[in-house]
Amino acid sequence: MNQSPGYLGEGSEGESHSLNDIHEQDEEQAFARQKVEEPTDIISVLIAHLTPFKDTSIIKDPQAESYLAACKVHATIPVSQLVHSFNMTSVTLRNRGLGHNGAIALAHVLKSNRTIQSLDLTGNAIGPAGGAAMGDMLTCNITIAELNLTDNLLGSHGGIAVAEGTLDNVSLKSLSVRSNRLSDGEARAFAKMLGTNRSLTTLDLGHNAIGNIGACEIGASISSNDAIKEINLEWNNIGIKGLTGFLMATKDSSSLSVVNISHNGLGETGGTPIQQFLAKNNSVATLGIANCRLTDGTLPMIVKAMDSTYTLRELDISGNQFTDAGIAQILKSLTSNNSLKKIDVSGMKMSATTRAVLKDIREEKSGVVIVE
């Protein structure tokens with residue numbers, strides 16, 4: 001009997017049912033393997049659907065796949081280095097043009113990442129939106145201990161978001177948001193964070209536009225924070241009022257060991273707050289007051305401060321407006337100081353006479369490094 005191409009022959013109906021059952025079982029098993037907790041936000045839904053399915057037994061890096069899918073959702077080109085970095089403890093991604101969409105995609109994966117402990121995103125122009133994504137990430141991530149967001153155009157929105165994200169974070173120890181166009185409003189947000197957070201030990205706010213108000217508020221928060229060890233406020237717009245307020249608020253801190261207020265405006269009356277700060281503080285080992293427009297008029301108080309401290313190990317007074325005689329006075333004061341191990345007096349002219357003093361001091365205090 002001639003058989004049409006679609007004819008299955010005797011018993012074919014039973015075999016067809018059996019094959020259909022097998023296909024249905026395979027589909028159910030595949031679905032069971034893919035079934036995970038349903039995401040609630042639209043971005044996560046899209047990423048979940050775009051992430052290519054593989055049997056979990058052969059997936060090598062689901063975080064990389066999630067990152068690639070997130071990049072697709074946010075229409076950004078994946079950074080190849082990142083694809084292979086999610087299982088590393090330290091990731092450095094400087095000046096790679098990440099942009100705000102790239103930062104958003106990365107932040108999505110970092111929320112659940114449990115391996116990266118140090119992340120450097122310097123110079124990636126992630127902007128306010130990227131800063132907001134990083135701030136949101138910090139509310140979830142529990143492993144990143146060091147985060148560098150230097151030179152990323154965070155602005156007000158991004159800066160405040162990062163500060164708020166750090167508020168209750170218990171893993172982050174070091175945070176840099178230098179060179180991000182932050183002003184007093186953002187400084188207030190970081191001051192609020194310092195009033196609550198007891199895990200962060202290093203905060204770099206350098207090279208921004210923080211003024212007197214921001215400096216005073218940060219100082220006030222540090223006065224009640226026993227965790228912060230290093231604070232950097234160099235290259236801001238802080239004048240004598242703000243610096244005095246900051247130094248007077250932090251002079252009783254028992255945790256601060258490094259303070260950098262260089263490239264701000266202490267001026268002719270800046271010697272007094274420095275002296276009062278060092279006379280009272282018993283923890284600061286490194287103080288940066290370079291390029292603060294200090295003059296010879298401040299020297300009596302500065303020399304007095306150097307004589308009164310027994311914890312200060314490094315002092316940077318480079319680039320100030322001391323005369324040749326003033327520099328000689330500073331160098332001579334080292335003979336009676338037993339704590340300083342390094343002093344930077346570079347960027348100021350010295351005569352042959354003062355250089356002779358420098359030579360004598362180096363011979364007498366061989367354990368002191370003098371940078372000229």
# chains A, B, ... in the order shown; residues from 1 in each chain; ligands from 1

call {"tool": "closest_atom_pairs", "arguments": {"of": "region 137-235 of chain A", "to": "region 105-127 of chain A", "cutoff": "6 Å", "atoms": "only C-alpha atoms", "output": "JSON lines"}}
result
{"residue": "A:Met137", "atom": "CA", "partner": "A:Lys111", "partner_atom": "CA", "distance": 5.1}
{"residue": "A:Cys140", "atom": "CA", "partner": "A:Lys111", "partner_atom": "CA", "distance": 5.3}
{"residue": "A:Asn141", "atom": "CA", "partner": "A:Lys111", "partner_atom": "CA", "distance": 4.9}
{"residue": "A:Thr143", "atom": "CA", "partner": "A:Gln117", "partner_atom": "CA", "distance": 5.5}
{"residue": "A:Ile144", "atom": "CA", "partner": "A:Gln117", "partner_atom": "CA", "distance": 4.0}
{"residue": "A:Ala145", "atom": "CA", "partner": "A:Gln117", "partner_atom": "CA", "distance": 5.2}
{"residue": "A:Glu146", "atom": "CA", "partner": "A:Ser118", "partner_atom": "CA", "distance": 4.6}
{"residue": "A:Leu147", "atom": "CA", "partner": "A:Leu119", "partner_atom": "CA", "distance": 5.1}
{"residue": "A:Asn148", "atom": "CA", "partner": "A:Asp120", "partner_atom": "CA", "distance": 4.6}
{"residue": "A:Leu149", "atom": "CA", "partner": "A:Thr122", "partner_atom": "CA", "distance": 5.3}
{"residue": "A:Thr150", "atom": "CA", "partner": "A:Thr122", "partner_atom": "CA", "distance": 4.8}
{"residue": "A:Asp151", "atom": "CA", "partner": "A:Gly123", "partner_atom": "CA", "distance": 4.9}
{"residue": "A:Asn152", "atom": "CA", "partner": "A:Ala125", "partner_atom": "CA", "distance": 4.2}
{"residue": "A:Leu153", "atom": "CA", "partner": "A:Gly127", "partner_atom": "CA", "distance": 4.8}
{"residue": "A:Leu154", "atom": "CA", "partner": "A:Gly127", "partner_atom": "CA", "distance": 4.6}

call {"tool": "residues_around", "arguments": {"residues": "Val259 (chain A)", "least_positions_apart": "6", "cutoff": "9 Å", "atoms": "only C-alpha atoms", "output": "list of chain:residue names"}}
result
A:Lys229, A:Glu230, A:Ile231, A:Asn232, A:Leu233, A:Val284, A:Ala285, A:Thr286, A:Leu287, A:Gly288, A:Ile289

call {"tool": "write_last_selection", "arguments": {"atoms": "C-alpha atoms", "output": "compact mmCIF listing (two decimals), in the first residue's frame"}}
result
# COMPACT_ATOMS: atom_id res chain seq x y z
CA LYS A 229 41.07 58.08 60.65
CA GLU A 230 41.87 60.04 57.49
CA ILE A 231 40.15 63.14 56.10
CA ASN A 232 41.28 65.01 52.99
CA LEU A 233 39.90 68.49 52.27
CA VAL A 284 47.06 63.11 64.39
CA ALA A 285 50.35 61.82 62.97
CA THR A 286 50.25 63.51 59.54
CA LEU A 287 49.19 67.11 58.89
CA GLY A 288 49.09 68.78 55.48
CA ILE A 289 48.95 72.60 55.43

call {"tool": "closest_residue", "arguments": {"among": "A:Leu82, A:Val170, A:Met88, A:Ala220", "to": "Ala103 (chain A)", "atoms": "only C-alpha atoms"}}
result
A:Leu82

call {"tool": "residues_around", "arguments": {"residues": "Leu340 (chain A)", "least_positions_apart": "2", "cutoff": "8 Å", "atoms": "only C-alpha atoms", "output": "list of chain:residue names"}}
result
A:Leu312, A:Arg313, A:Glu314, A:Leu315, A:Leu334, A:Asn337, A:Asn338, A:Lys342, A:Ile343, A:Val368

call {"tool": "residues_around", "arguments": {"residues": "Leu294 (chain A)", "least_positions_apart": "5", "cutoff": "7 Å", "atoms": "only C-alpha atoms", "output": "PyMOL selection string"}}
result
chain A and resi 266-268+270+320-322

call {"tool": "write_last_selection", "arguments": {"atoms": "C-alpha atoms", "output": "mmCIF file, in the first residue's frame"}}
result
data_model
loop_
_atom_site.group_PDB
_atom_site.id
_atom_site.type_symbol
_atom_site.label_atom_id
_atom_site.label_comp_id
_atom_site.auth_asym_id
_atom_site.auth_seq_id
_atom_site.Cartn_x
_atom_site.Cartn_y
_atom_site.Cartn_z
ATOM 1 C CA LEU A 266 44.602 79.846 56.327
ATOM 2 C CA GLY A 267 46.364 83.138 55.639
ATOM 3 C CA GLU A 268 48.116 85.445 58.096
ATOM 4 C CA GLY A 270 46.188 80.645 60.445
ATOM 5 C CA ASN A 320 53.650 78.786 51.689
ATOM 6 C CA GLN A 321 54.753 82.412 51.821
ATOM 7 C CA PHE A 322 57.553 82.127 54.357
#

call {"tool": "residues_around", "arguments": {"residues": "Ile222 (chain A)", "least_positions_apart": "3", "cutoff": "12 Å", "atoms": "only C-alpha atoms", "output": "CSV table (one decimal) with N, CA and C atoms, in the first residue's frame"}}
result
chain,number,residue,atom,x,y,z
A,190,PHE,N,27.6,64.5,53.3
A,190,PHE,CA,28.7,63.6,53.8
A,190,PHE,C,28.9,63.8,55.3
A,191,ALA,N,28.6,65.0,55.8
A,191,ALA,CA,28.7,65.3,57.3
A,191,ALA,C,27.6,64.5,58.0
A,192,LYS,N,26.4,64.4,57.4
A,192,LYS,CA,25.3,63.6,58.0
A,192,LYS,C,25.7,62.2,58.0
A,193,MET,N,26.3,61.7,56.9
A,193,MET,CA,26.8,60.3,56.9
A,193,MET,C,27.8,60.0,58.0
A,194,LEU,N,28.8,60.9,58.2
A,194,LEU,CA,29.8,60.7,59.2
A,194,LEU,C,29.2,60.7,60.6
A,195,GLY,N,28.0,61.4,60.7
A,195,GLY,CA,27.4,61.4,62.0
A,195,GLY,C,26.7,60.0,62.4
A,196,THR,N,26.6,59.2,61.4
A,196,THR,CA,25.9,57.9,61.6
A,196,THR,C,26.8,56.7,61.3
A,197,ASN,N,27.6,56.8,60.2
A,197,ASN,CA,28.4,55.6,59.8
A,197,ASN,C,29.6,55.4,60.8
A,198,ARG,N,29.8,54.2,61.2
A,198,ARG,CA,30.9,53.9,62.1
A,198,ARG,C,31.9,52.8,61.5
A,200,LEU,N,33.4,53.6,58.0
A,200,LEU,CA,34.3,54.3,57.1
A,200,LEU,C,35.5,54.9,57.9
A,201,THR,N,36.7,54.6,57.4
A,201,THR,CA,37.9,55.2,58.1
A,201,THR,C,38.6,56.2,57.3
A,202,THR,N,38.4,56.2,56.0
A,202,THR,CA,39.1,57.2,55.1
A,202,THR,C,38.1,57.9,54.2
A,203,LEU,N,38.1,59.2,54.2
A,203,LEU,CA,37.2,60.0,53.3
A,203,LEU,C,38.0,61.1,52.6
A,215,ALA,N,33.0,72.8,55.6
A,215,ALA,CA,34.1,72.4,56.4
A,215,ALA,C,33.7,72.3,57.9
A,216,CYS,N,32.9,73.3,58.3
A,216,CYS,CA,32.5,73.3,59.7
A,216,CYS,C,31.6,72.2,60.0
A,217,GLU,N,30.7,71.8,59.1
A,217,GLU,CA,29.8,70.7,59.3
A,217,GLU,C,30.5,69.4,59.3
A,218,ILE,N,31.4,69.2,58.4
A,218,ILE,CA,32.2,68.0,58.4
A,218,ILE,C,33.0,67.8,59.7
A,219,GLY,N,33.6,68.9,60.2
A,219,GLY,CA,34.4,68.9,61.4
A,219,GLY,C,33.5,68.5,62.6
A,225,ASN,N,32.6,61.2,65.8
A,225,ASN,CA,32.9,59.9,65.1
A,225,ASN,C,34.2,59.3,65.6
A,226,ASP,N,34.2,58.1,66.1
A,226,ASP,CA,35.4,57.5,66.6
A,226,ASP,C,36.0,56.5,65.7
A,227,ALA,N,35.5,56.5,64.4
A,227,ALA,CA,36.0,55.5,63.4
A,227,ALA,C,36.9,56.2,62.4
A,228,ILE,N,36.6,57.4,62.0
A,228,ILE,CA,37.3,58.0,60.9
A,228,ILE,C,38.7,58.3,61.3
A,229,LYS,N,39.6,57.9,60.4
A,229,LYS,CA,41.1,58.1,60.7
A,229,LYS,C,41.7,59.1,59.7
A,230,GLU,N,41.2,59.2,58.5
A,230,GLU,CA,41.9,60.0,57.5
A,230,GLU,C,40.8,60.9,56.8
A,231,ILE,N,41.1,62.2,56.8
A,231,ILE,CA,40.2,63.1,56.1
A,231,ILE,C,41.0,64.1,55.2
A,245,GLY,N,37.0,76.6,62.2
A,245,GLY,CA,35.8,75.8,62.7
A,245,GLY,C,36.1,74.3,62.6
A,246,PHE,N,36.7,73.9,61.5
A,246,PHE,CA,37.1,72.4,61.3
A,246,PHE,C,38.1,72.0,62.3
A,247,LEU,N,39.2,72.8,62.5
A,247,LEU,CA,40.2,72.4,63.4
A,247,LEU,C,39.8,72.4,64.9
A,248,MET,N,39.0,73.4,65.2
A,248,MET,CA,38.5,73.4,66.6
A,248,MET,C,37.5,72.3,66.9
A,249,ALA,N,36.8,71.9,65.9
A,249,ALA,CA,35.8,70.8,66.1
A,249,ALA,C,36.5,69.4,66.2
A,250,THR,N,37.6,69.3,65.5
A,250,THR,CA,38.3,68.0,65.4
A,250,THR,C,39.5,67.8,66.4
A,251,LYS,N,39.8,68.9,67.1
A,251,LYS,CA,41.0,68.8,68.0
A,251,LYS,C,40.9,67.8,69.1
A,252,ASP,N,39.6,67.4,69.5
A,252,ASP,CA,39.4,66.4,70.5
A,252,ASP,C,39.3,65.0,70.0
A,253,SER,N,39.4,64.8,68.6
A,253,SER,CA,39.2,63.5,68.0
A,253,SER,C,40.3,62.6,68.5
A,254,SER,N,39.9,61.4,68.8
A,254,SER,CA,40.9,60.4,69.3
A,254,SER,C,41.2,59.4,68.2
A,255,SER,N,40.5,59.5,67.0
A,255,SER,CA,40.7,58.5,66.0
A,255,SER,C,41.5,59.1,64.8
A,256,LEU,N,41.4,60.4,64.5
A,256,LEU,CA,42.0,61.0,63.4
A,256,LEU,C,43.5,60.8,63.4
A,259,VAL,N,45.3,64.3,58.5
A,259,VAL,CA,44.4,65.5,58.2
A,259,VAL,C,45.1,66.3,57.1

call {"tool": "closest_residue", "arguments": {"among": "A:Ile142, A:Met348, A:Val369, A:Ile104", "to": "His74 (chain A)", "atoms": "only C-alpha atoms"}}
result
A:Ile104

call {"tool": "atom_distance", "arguments": {"atom1": "CA of Val83 (chain A)", "atom2": "CA of Gly135 (chain A)"}}
result
21.9 Å

call {"tool": "residues_around", "arguments": {"residues": "region 350-357 of chain A", "least_positions_apart": "2", "cutoff": "12 Å", "atoms": "only C-alpha atoms", "output": "PyMOL selection string"}}
result
chain A and resi 322-335+345-348+359-365+370+372

call {"tool": "write_last_selection", "arguments": {"atoms": "C-alpha atoms", "output": "CSV table (one decimal), in the first residue's frame"}}
result
chain,number,residue,atom,x,y,z
A,322,PHE,CA,57.6,82.1,54.4
A,323,THR,CA,60.6,84.2,53.8
A,324,ASP,CA,64.2,82.9,53.8
A,325,ALA,CA,64.5,83.8,57.5
A,326,GLY,CA,61.2,82.1,58.3
A,327,ILE,CA,62.3,78.9,56.7
A,328,ALA,CA,65.5,79.0,58.8
A,329,GLN,CA,63.4,79.5,61.9
A,330,ILE,CA,61.3,76.4,61.1
A,331,LEU,CA,64.4,74.3,60.5
A,332,LYS,CA,66.1,75.4,63.7
A,333,SER,CA,62.9,74.4,65.7
A,334,LEU,CA,63.5,70.8,64.6
A,335,THR,CA,66.4,70.6,67.1
A,345,VAL,CA,59.6,72.7,53.0
A,346,SER,CA,59.7,72.5,49.2
A,347,GLY,CA,58.5,75.2,46.9
A,348,MET,CA,60.1,78.0,48.9
A,359,LYS,CA,72.8,70.9,56.3
A,360,ASP,CA,73.6,71.2,60.0
A,361,ILE,CA,70.0,70.1,61.0
A,362,ARG,CA,70.3,67.1,58.7
A,363,GLU,CA,73.5,66.0,60.4
A,364,GLU,CA,72.1,66.6,63.9
A,365,LYS,CA,68.7,65.1,63.2
A,370,ILE,CA,63.6,67.0,55.1
A,372,GLU,CA,63.2,70.7,50.0

call {"tool": "select_by_dssp", "arguments": {"residues": "region 82-245 of chain A", "states": "strand (DSSP E or B)", "output": "PyMOL selection string"}}
result
chain A and resi 90-92+118-120+146-148+174-176+202-204+230-232

call {"tool": "write_last_selection", "arguments": {"atoms": "C-alpha atoms", "output": "compact mmCIF listing (two decimals), in the first residue's frame"}}
result
# COMPACT_ATOMS: atom_id res chain seq x y z
CA SER A 90 40.36 44.07 43.23
CA VAL A 91 39.21 45.81 40.05
CA THR A 92 40.88 48.91 38.59
CA SER A 118 38.37 47.17 45.99
CA LEU A 119 36.93 49.10 43.03
CA ASP A 120 38.65 52.03 41.28
CA GLU A 146 37.44 50.53 49.04
CA LEU A 147 35.68 52.65 46.42
CA ASN A 148 37.41 55.31 44.30
CA SER A 174 37.70 53.97 52.19
CA LEU A 175 35.82 56.36 49.89
CA SER A 176 37.20 58.92 47.45
CA THR A 202 39.09 57.21 55.10
CA LEU A 203 37.22 59.96 53.27
CA ASP A 204 38.73 62.01 50.43
CA GLU A 230 41.87 60.04 57.49
CA ILE A 231 40.15 63.14 56.10
CA ASN A 232 41.28 65.01 52.99

call {"tool": "residues_around", "arguments": {"residues": "Arg181 (chain A)", "least_positions_apart": "2", "cutoff": "8 Å", "atoms": "only C-alpha atoms", "output": "PDB file with N, CA and C atoms, in the first residue's frame"}}
result
ATOM      1  N   LEU A 153      32.502  63.629  37.675  1.00  0.00           N
ATOM      2  CA  LEU A 153      31.428  64.579  37.377  1.00  0.00           C
ATOM      3  C   LEU A 153      30.128  64.250  38.118  1.00  0.00           C
ATOM      4  N   LEU A 154      30.269  63.825  39.366  1.00  0.00           N
ATOM      5  CA  LEU A 154      29.083  63.427  40.134  1.00  0.00           C
ATOM      6  C   LEU A 154      28.114  64.575  40.333  1.00  0.00           C
ATOM      7  N   GLY A 155      28.623  65.773  40.606  1.00  0.00           N
ATOM      8  CA  GLY A 155      27.749  66.912  40.850  1.00  0.00           C
ATOM      9  C   GLY A 155      26.914  66.743  42.113  1.00  0.00           C
ATOM     10  N   SER A 156      25.946  67.611  42.258  1.00  0.00           N
ATOM     11  CA  SER A 156      25.133  67.609  43.471  1.00  0.00           C
ATOM     12  C   SER A 156      24.327  66.323  43.637  1.00  0.00           C
ATOM     13  N   SER A 179      37.463  65.691  43.287  1.00  0.00           N
ATOM     14  CA  SER A 179      37.315  66.225  41.935  1.00  0.00           C
ATOM     15  C   SER A 179      35.984  65.821  41.304  1.00  0.00           C
ATOM     16  N   SER A 183      29.992  70.844  46.496  1.00  0.00           N
ATOM     17  CA  SER A 183      30.028  72.100  47.238  1.00  0.00           C
ATOM     18  C   SER A 183      29.483  71.890  48.646  1.00  0.00           C
ATOM     19  N   ASN A 208      37.437  69.848  45.363  1.00  0.00           N
ATOM     20  CA  ASN A 208      36.046  70.165  45.095  1.00  0.00           C
ATOM     21  C   ASN A 208      35.808  71.654  45.342  1.00  0.00           C
ATOM     22  N   ALA A 209      34.589  72.037  45.639  1.00  0.00           N
ATOM     23  CA  ALA A 209      34.262  73.450  45.852  1.00  0.00           C
ATOM     24  C   ALA A 209      33.606  73.652  47.207  1.00  0.00           C
TER      25      ALA A 209
END

call {"tool": "atom_distance", "arguments": {"atom1": "CA of Gln275 (chain A)", "atom2": "CA of Ile210 (chain A)"}}
result
23.5 Å
